[in-house]
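*Asks:* Here you go, this is start-v1.cif (mmCIF, C-alpha atoms).
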```cif
data_run
loop_
_atom_site.label_atom_id
_atom_site.label_comp_id
_atom_site.auth_asym_id
_atom_site.auth_seq_id
_atom_site.Cartn_x
_atom_site.Cartn_y
_atom_site.Cartn_z
CA MET A 118 92.88 192.59 -222.30
CA GLU A 119 89.47 191.00 -222.55
CA SER A 120 87.60 189.13 -219.82
CA GLY A 121 85.86 186.75 -222.25
CA PHE A 122 86.98 184.69 -225.21
CA THR A 123 89.02 186.72 -227.70
CA SER A 124 86.76 188.20 -230.38
CA LYS A 125 87.38 188.39 -234.11
CA ASP A 126 87.57 192.17 -233.81
CA THR A 127 90.43 191.83 -231.33
CA TYR A 128 92.40 189.78 -233.86
CA VAL A 129 91.86 192.50 -236.44
CA SER A 130 92.94 195.30 -234.11
CA CYS A 131 95.54 193.65 -231.85
CA PHE A 132 97.18 190.66 -233.55
CA ASN A 133 100.69 191.63 -234.67
CA PRO A 134 101.93 189.13 -237.27
CA ARG A 135 105.55 190.24 -237.02
CA ASP A 136 105.64 189.72 -233.24
CA TYR A 137 104.05 186.31 -233.75
CA LEU A 138 106.52 185.29 -236.44
CA GLU A 139 109.59 186.48 -234.55
CA LYS A 140 108.61 184.68 -231.35
CA TYR A 141 107.29 181.36 -232.65
CA TYR A 142 109.16 180.86 -235.95
CA SER A 143 112.68 182.27 -235.55
CA PHE A 144 114.02 178.68 -235.56
CA GLY A 145 116.47 178.94 -232.69
CA SER A 146 117.01 176.45 -229.86
CA SER A 147 114.09 177.57 -227.67
CA ALA A 148 111.21 175.29 -226.67
CA GLU A 149 108.78 176.90 -229.11
CA ASN A 150 111.18 176.21 -231.94
CA GLN A 151 111.57 172.60 -230.86
CA ILE A 152 107.82 172.43 -231.37
CA LEU A 153 108.24 173.97 -234.81
CA ARG A 154 110.64 171.16 -235.72
CA LEU A 155 108.06 168.60 -234.57
CA LEU A 156 105.40 170.30 -236.69
CA LEU A 157 107.64 170.22 -239.77
CA LYS A 158 108.56 166.56 -239.25
CA ASN A 159 104.93 165.53 -238.92
CA LEU A 160 103.85 167.59 -241.92
CA PHE A 161 106.61 165.89 -243.91
CA ASN A 162 105.35 162.48 -242.77
CA ILE A 163 101.74 163.29 -243.62
CA PHE A 164 102.35 164.73 -247.09
CA CYS A 165 105.56 163.09 -248.32
CA VAL A 166 105.36 159.69 -246.63
CA GLY A 167 101.73 159.16 -245.64
CA GLY A 168 100.19 159.49 -249.08
CA VAL A 169 97.98 162.54 -248.50
CA LYS A 170 98.02 164.08 -251.98
CA GLY A 171 95.82 165.44 -254.76
CA ASP A 172 95.16 168.47 -256.93
CA LEU A 173 93.84 171.15 -254.56
CA LEU A 174 94.70 171.87 -250.91
CA ILE A 175 92.99 174.68 -249.00
CA ASP A 176 94.87 175.87 -245.92
CA ILE A 177 92.38 177.11 -243.33
CA GLY A 178 93.60 179.88 -241.04
CA SER A 179 97.08 180.17 -242.51
CA GLY A 180 97.93 183.12 -240.31
CA PRO A 181 101.09 184.89 -241.55
CA THR A 182 102.96 181.58 -241.99
CA ILE A 183 104.05 179.31 -244.84
CA TYR A 184 105.93 176.57 -242.93
CA GLN A 185 102.84 174.31 -243.00
CA LEU A 186 102.79 174.33 -246.81
CA LEU A 187 106.42 173.47 -247.55
CA SER A 188 105.91 169.70 -247.67
CA ALA A 189 102.34 170.03 -248.94
CA CYS A 190 103.55 171.63 -252.17
CA GLU A 191 105.28 168.34 -253.00
CA SER A 192 101.91 166.55 -252.98
CA PHE A 193 99.41 169.14 -254.29
CA LYS A 194 99.40 171.03 -257.56
CA THR A 195 97.40 173.99 -256.27
CA ILE A 196 97.32 175.52 -252.78
CA ILE A 197 94.97 178.22 -251.49
CA ALA A 198 95.93 180.06 -248.30
CA THR A 199 93.22 181.69 -246.18
CA ASP A 200 92.89 183.77 -243.03
CA TYR A 201 90.44 186.05 -241.25
CA SER A 202 92.69 189.02 -240.50
CA GLU A 203 93.83 191.40 -243.19
CA GLN A 204 97.27 191.91 -241.65
CA ASN A 205 97.99 188.18 -241.91
CA LEU A 206 96.90 188.12 -245.53
CA GLN A 207 99.16 191.09 -246.21
CA GLU A 208 102.10 189.30 -244.58
CA LEU A 209 101.53 186.26 -246.80
CA GLU A 210 101.36 188.48 -249.88
CA LYS A 211 104.67 190.10 -248.90
CA TRP A 212 106.39 186.72 -248.95
CA LEU A 213 104.58 185.61 -252.09
CA LYS A 214 105.65 188.74 -253.99
CA LYS A 215 109.16 188.88 -252.44
CA GLU A 216 108.51 192.35 -251.12
CA PRO A 217 110.99 194.19 -248.88
CA GLY A 218 110.40 193.36 -245.22
CA ALA A 219 108.95 189.91 -245.87
CA PHE A 220 109.72 187.41 -243.11
CA ASP A 221 112.85 185.33 -243.70
CA TRP A 222 111.81 181.67 -243.81
CA SER A 223 115.17 180.40 -245.12
CA SER A 224 116.18 178.45 -241.98
CA VAL A 225 112.81 176.71 -241.86
CA VAL A 226 112.89 176.00 -245.59
CA ASN A 227 116.40 174.54 -245.39
CA TYR A 228 115.32 172.24 -242.55
CA VAL A 229 112.39 170.95 -244.59
CA CYS A 230 114.69 170.40 -247.58
CA GLU A 231 116.88 168.23 -245.33
CA LEU A 232 113.85 166.22 -244.21
CA GLU A 233 112.95 165.66 -247.85
CA GLY A 234 116.43 164.41 -248.76
CA ASN A 235 117.75 167.67 -250.24
CA ARG A 236 116.14 167.00 -253.61
CA VAL A 237 115.93 170.77 -253.98
CA LYS A 238 117.70 173.63 -252.20
CA GLY A 239 116.15 176.44 -250.21
CA GLN A 240 115.42 179.10 -252.82
CA GLU A 241 114.19 176.52 -255.30
CA LYS A 242 111.87 175.13 -252.64
CA GLU A 243 110.41 178.57 -251.92
CA GLU A 244 109.83 179.13 -255.63
CA LYS A 245 108.03 175.80 -255.91
CA LEU A 246 105.68 176.83 -253.13
CA ARG A 247 105.14 180.25 -254.70
CA ARG A 248 104.13 178.56 -257.97
CA ALA A 249 101.68 176.28 -256.16
CA LEU A 250 100.19 179.00 -253.93
CA LYS A 251 97.67 180.46 -256.36
CA ARG A 252 95.47 182.61 -254.11
CA VAL A 253 95.36 184.21 -250.65
CA LEU A 254 91.75 184.56 -249.53
CA LYS A 255 89.68 185.94 -246.67
CA CYS A 256 88.15 183.16 -244.58
CA ASP A 257 85.70 183.10 -241.66
CA VAL A 258 85.29 179.55 -240.37
CA THR A 259 82.28 180.55 -238.25
CA LYS A 260 80.23 181.16 -241.41
CA SER A 261 78.33 178.40 -243.22
CA GLN A 262 80.28 179.45 -246.33
CA PRO A 263 83.76 180.12 -244.90
CA LEU A 264 85.10 181.63 -248.14
CA GLY A 265 82.01 183.73 -248.78
CA ALA A 266 81.05 184.17 -252.43
CA VAL A 267 84.39 182.86 -253.76
CA SER A 268 83.82 179.86 -256.02
CA LEU A 269 86.39 177.06 -255.86
CA PRO A 270 86.36 173.39 -256.83
CA LEU A 271 85.91 171.03 -253.91
CA ALA A 272 89.31 170.43 -252.33
CA ASP A 273 91.21 167.16 -252.09
CA CYS A 274 92.55 168.24 -248.69
CA LEU A 275 91.80 170.80 -245.99
CA LEU A 276 94.73 171.67 -243.74
CA SER A 277 94.48 173.62 -240.50
CA THR A 278 97.39 174.19 -238.13
CA LEU A 279 97.07 175.98 -234.79
CA CYS A 280 93.88 177.72 -235.84
CA LEU A 281 90.52 176.17 -234.98
CA GLU A 282 90.90 176.19 -231.20
CA VAL A 283 91.35 179.97 -231.23
CA ALA A 284 88.37 180.57 -233.54
CA CYS A 285 85.83 178.70 -231.39
CA PRO A 286 84.66 180.01 -228.01
CA ASP A 287 82.93 176.76 -227.04
CA LEU A 288 82.38 173.15 -228.13
CA PRO A 289 79.15 173.79 -230.09
CA ALA A 290 81.08 176.37 -232.13
CA TYR A 291 83.89 173.85 -232.72
CA HIS A 292 81.39 171.28 -234.00
CA ALA A 293 79.77 173.93 -236.23
CA VAL A 294 83.12 175.01 -237.70
CA LEU A 295 84.02 171.44 -238.66
CA ARG A 296 80.65 171.09 -240.40
CA ASN A 297 81.16 174.43 -242.18
CA LEU A 298 84.56 173.37 -243.48
CA SER A 299 83.24 170.04 -244.71
CA GLY A 300 81.38 171.87 -247.47
CA LEU A 301 84.74 172.82 -249.03
CA LEU A 302 85.98 169.23 -249.28
CA LYS A 303 85.10 166.50 -251.76
CA PRO A 304 83.91 163.10 -250.51
CA GLY A 305 86.95 160.95 -249.83
CA GLY A 306 89.08 164.06 -249.34
CA TYR A 307 91.44 164.52 -246.40
CA LEU A 308 91.12 166.71 -243.33
CA VAL A 309 94.46 167.41 -241.64
CA ILE A 310 94.36 169.21 -238.29
CA ILE A 311 97.38 170.03 -236.17
CA ASP A 312 96.60 171.76 -232.90
CA VAL A 313 97.30 172.08 -229.20
CA LEU A 314 95.58 170.06 -226.48
CA LYS A 315 94.19 171.34 -223.17
CA SER A 316 95.04 174.93 -224.00
CA ASN A 317 93.62 178.12 -222.50
CA TYR A 318 95.61 180.93 -224.08
CA TYR A 319 98.67 181.99 -226.03
CA MET A 320 100.62 185.23 -226.05
CA VAL A 321 101.76 187.50 -228.87
CA GLY A 322 103.86 190.24 -227.33
CA GLU A 323 101.84 191.58 -224.40
CA GLN A 324 98.51 190.55 -225.95
CA ARG A 325 96.79 187.43 -224.64
CA PHE A 326 94.56 185.43 -227.00
CA SER A 327 92.05 182.81 -225.88
CA SER A 328 92.16 179.14 -226.83
CA LEU A 329 89.42 176.53 -226.52
CA TYR A 330 90.27 173.69 -224.11
CA LEU A 331 90.21 170.45 -226.11
CA ASP A 332 91.16 166.92 -225.21
CA ARG A 333 91.63 163.97 -227.54
CA GLU A 334 88.19 162.47 -226.96
CA THR A 335 86.45 165.78 -227.64
CA VAL A 336 88.32 166.32 -230.91
CA GLU A 337 87.70 162.78 -232.13
CA ALA A 338 83.98 163.02 -231.36
CA ALA A 339 83.64 166.36 -233.17
CA VAL A 340 85.52 165.14 -236.26
CA ARG A 341 83.42 161.97 -236.49
CA GLU A 342 80.21 163.94 -235.97
CA ALA A 343 81.21 166.19 -238.90
CA GLY A 344 81.34 163.15 -241.19
CA TYR A 345 84.93 161.93 -241.16
CA ALA A 346 86.67 158.62 -240.55
CA ILE A 347 89.80 159.18 -238.46
CA LYS A 348 92.81 157.62 -240.18
CA GLN A 349 95.53 158.93 -237.86
CA PHE A 350 95.58 160.59 -234.45
CA GLU A 351 98.97 161.14 -232.88
CA VAL A 352 99.63 162.99 -229.63
CA ILE A 353 103.01 164.50 -228.79
CA ASN A 354 103.71 165.47 -225.19
CA GLN A 355 105.45 168.72 -225.95
CA SER A 356 104.20 172.04 -224.61
CA TYR A 357 104.99 175.71 -225.09
CA PRO A 358 106.70 177.63 -222.27
CA SER A 359 104.12 178.93 -219.78
CA ASP A 360 104.99 182.56 -220.54
CA LEU A 361 103.91 181.95 -224.16
CA ALA A 362 100.96 179.58 -223.85
CA ARG A 363 99.23 177.05 -221.66
CA ASN A 364 98.81 173.65 -223.28
CA GLU A 365 99.43 169.98 -222.60
CA GLY A 366 100.76 168.50 -225.81
CA LEU A 367 99.81 168.72 -229.46
CA PHE A 368 97.88 166.43 -231.79
CA PHE A 369 98.16 165.49 -235.45
CA LEU A 370 94.93 164.25 -237.03
CA VAL A 371 94.24 162.91 -240.50
CA GLY A 372 90.59 162.30 -241.32
CA GLN A 373 88.85 161.24 -244.52
CA LYS A 374 85.46 162.61 -245.49
CA LEU A 375 82.78 159.98 -245.76
CA SER A 376 80.54 159.94 -248.82
CA ARG A 377 77.41 160.65 -246.80
CA SER A 378 78.75 163.81 -245.13
CA ALA A 379 77.73 167.29 -246.20
#
```
Could you show the structure in this file as structure tokens?
*Replies:*
Amino acid sequence: MESGFTSKDTYVSCFNPRDYLEKYYSFGSSAENQILRLLLKNLFNIFCVGGVKGDLLIDIGSGPTIYQLLSACESFKTIIATDYSEQNLQELEKWLKKEPGAFDWSSVVNYVCELEGNRVKGQEKEEKLRRALKRVLKCDVTKSQPLGAVSLPLADCLLSTLCLEVACPDLPAYHAVLRNLSGLLKPGGYLVIIDVLKSNYYMVGEQRFSSLYLDRETVEAAVREAGYAIKQFEVINQSYPSDLARNEGLFFLVGQKLSRSA
């Protein structure tokens, strides 16, 4: 266990995607899975009700998960998933290619189908997302070019769920990451961030990972400084159990990139 903020190397060597998936996304009745339901409801509202739509969505820091893209694939023709750690990218590829041992998302998918009025059933929904999810790419948000030399059109939407606060050791880094990401988004495009508030850490198995302490005012200031107008900021007073994480609520932010921003 480290004394300072968790390094990128620690994620590469110590983050176990299967432990993470089993604990946070098994979709039982536990508190963490109540939070998952809240995440899915709000993602449905943002993408299927709120009018956030377009051609290209880039998911920043996807981790090993696809839940955050299930409603997004109703509103975007093309989705790009990204993450820093190779093991998370491999986990996404397993699901994408229907390989043996891929995580079973069926309960989560069925719940989203219910939210969306059961227009499609579970397997059909997964296939729709697979068709939309064109690439799985390495991403380092701390770099001025987060996707490196990969050339993509400017996105209509950047989505980041439960990612940025664990990639930034301090507030200057958080501000820098938001500026870095802005270069991937077209003017007028949407920034959707879903994250925890006032968090210090979260657990995956016995491994503790650091989290940057953020409050609402800090997030709003950083997003505006990066060149966005805030269209929606909702706080939900739901927290993870203390043996899993320390946080005080979650937030759902929708911003729109101003024409003058980078």
*Asks:* Which one is closest to Tyr184 (chain A): A:Lys158, A:Arg333, A:Lys374, A:Arg252? Count only C-alpha atoms.
*Replies:*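 Of A:Lys158, A:Arg333, A:Lys374, A:Arg252, the one nearest Tyr184 (chain A), counting only C-alpha atoms, is A:Lys158.
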*Asks:* Figure out the distance between CA of Leu173 (chain A) and CA of Ile197 (chain A), please, to one decimal in Å.
*Replies:*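 Here the two named atoms are 7.8 Å from each other.
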*Asks:* As a check of understanding, name the residues that the PyMOL selection byres ((chain A and resi 171) around 8) selects in the supplied structure, as a VMD selection string.
*Replies:* chain A and resid 169 to 170 172 to 174 192 to 194 273 to 274
*Asks:* If you apply the PyMOL selection byres ((chain A and resi 175) around 12) to this file, what residues do you get, as number ranges by chain?
*Replies:* A: 171-174, 176-179, 185-186, 189-190, 193-200, 249-256, 263-264, 269-278, 298-299, 301-303, 306-309
*Asks:* Looking at all atoms listed in the file, which of A:Leu155, A:Ser316, A:Glu216, A:Ser188 is the one that sits closest to Glu243 (chain A)?
*Replies:* A:Ser188
*Asks:* Using Å and a single decimal, report how far CA of Leu279 (chain A) sits from CA of Leu246 (chain A).
*Replies:*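 Separation between CA of Leu246 (chain A) and CA of Leu279 (chain A): 20.3 Å.
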*Asks:* Taking 4 positions as the minimum chain separation for residues in the same chain, which residues sit within 8 Å of Tyr137 (chain A) when counting only C-alpha atoms? Answer as an NGL selection string.
*Replies:* :A and (133 or 141-142 or 321-322)
*Asks:* Those selected residues, please, written with C-alpha atoms and delivered as a PDB file, in the frame of the given file.
*Replies:*
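Dumped everything to out-v2.pdb:
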```pdb
ATOM      1  CA  ASN A 133     100.690 191.630-234.670  1.00  0.00           C
ATOM      2  CA  TYR A 141     107.290 181.360-232.650  1.00  0.00           C
ATOM      3  CA  TYR A 142     109.160 180.860-235.950  1.00  0.00           C
ATOM      4  CA  VAL A 321     101.760 187.500-228.870  1.00  0.00           C
ATOM      5  CA  GLY A 322     103.860 190.240-227.330  1.00  0.00           C
TER       6      GLY A 322
END
```
*Asks:* For Phe161 (chain A), which of A:Asp221, A:Glu231, A:Glu208, A:Glu149 is the closest residue, counting all atoms listed in the file?
*Replies:*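 Checking each candidate against Phe161 (chain A), we get A:Glu231 as the closest.
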*Asks:* In Å, rounded to a single decimal, give me how far CA of Arg341 (chain A) is from CA of Glu191 (chain A).
*Replies:*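 Spanning CA of Glu191 (chain A) to CA of Arg341 (chain A) is a straight-line distance of 28.1 Å.
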*Asks:* Name the residues within 7 Å of (105.8, 183.6, -253.7), counting all atoms listed in the file in the file's coordinates, and put them as a list of chain:residue names.
*Replies:*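 Protein, DNA and RNA residues close to (105.8, 183.6, -253.7): A:Trp212, A:Leu213, A:Lys214, A:Lys215, A:Glu244, A:Leu246, A:Arg247, A:Arg248.
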*Asks:* Starting from the PyMOL selection byres ((chain A and resi 230) around 12), expand the selection into actual residues of this file and give them as a list in words.
*Replies:*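 Here the PyMOL selection byres ((chain A and resi 230) around 12) matches Leu157, Lys158, Phe161, Cys165, Tyr184, Leu187, Ser188, Glu191, Ser223, Ser224, Val225, Val226, Asn227, Tyr228, Val229, Glu231, Leu232, Glu233, Gly234, Asn235, Arg236, Val237, Lys238, Gly239, Gln240, Glu241, Lys242, Glu243 and Lys245 of chain A.
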*Asks:* I'd like the contact shell of Asn317 (chain A) - 12 Å cut-off, all atoms listed in the file, skipping same-chain residues fewer than 3 positions apart - returned as a PDB file with C-alpha atoms, in the coordinates of the input.
*Replies:*
```
ATOM      1  CA  GLY A 121      85.860 186.750-222.250  1.00  0.00           C
ATOM      2  CA  PHE A 122      86.980 184.690-225.210  1.00  0.00           C
ATOM      3  CA  THR A 123      89.020 186.720-227.700  1.00  0.00           C
ATOM      4  CA  GLU A 282      90.900 176.190-231.200  1.00  0.00           C
ATOM      5  CA  VAL A 283      91.350 179.970-231.230  1.00  0.00           C
ATOM      6  CA  CYS A 285      85.830 178.700-231.390  1.00  0.00           C
ATOM      7  CA  PRO A 286      84.660 180.010-228.010  1.00  0.00           C
ATOM      8  CA  ASP A 287      82.930 176.760-227.040  1.00  0.00           C
ATOM      9  CA  VAL A 313      97.300 172.080-229.200  1.00  0.00           C
ATOM     10  CA  LEU A 314      95.580 170.060-226.480  1.00  0.00           C
ATOM     11  CA  MET A 320     100.620 185.230-226.050  1.00  0.00           C
ATOM     12  CA  ARG A 325      96.790 187.430-224.640  1.00  0.00           C
ATOM     13  CA  PHE A 326      94.560 185.430-227.000  1.00  0.00           C
ATOM     14  CA  SER A 327      92.050 182.810-225.880  1.00  0.00           C
ATOM     15  CA  SER A 328      92.160 179.140-226.830  1.00  0.00           C
ATOM     16  CA  LEU A 329      89.420 176.530-226.520  1.00  0.00           C
ATOM     17  CA  TYR A 330      90.270 173.690-224.110  1.00  0.00           C
ATOM     18  CA  LEU A 331      90.210 170.450-226.110  1.00  0.00           C
ATOM     19  CA  ASP A 332      91.160 166.920-225.210  1.00  0.00           C
ATOM     20  CA  TYR A 357     104.990 175.710-225.090  1.00  0.00           C
ATOM     21  CA  SER A 359     104.120 178.930-219.780  1.00  0.00           C
ATOM     22  CA  LEU A 361     103.910 181.950-224.160  1.00  0.00           C
ATOM     23  CA  ALA A 362     100.960 179.580-223.850  1.00  0.00           C
ATOM     24  CA  ARG A 363      99.230 177.050-221.660  1.00  0.00           C
ATOM     25  CA  ASN A 364      98.810 173.650-223.280  1.00  0.00           C
ATOM     26  CA  GLU A 365      99.430 169.980-222.600  1.00  0.00           C
TER      27      GLU A 365
END
```
*Asks:* Counting all atoms listed in the file, which of A:Gln151, A:Gln324, A:Ser376, A:Ser143 gets nearest to Ser356 (chain A)?
*Replies:* A:Gln151
*Asks:* Which of these residues is nearest to Ser202 (chain A), using all atoms listed in the file: A:Gly265, A:Pro358, A:Gly344, A:Pro134?
*Replies:*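 That would be A:Pro134, the residue with the smallest distance to Ser202 (chain A).
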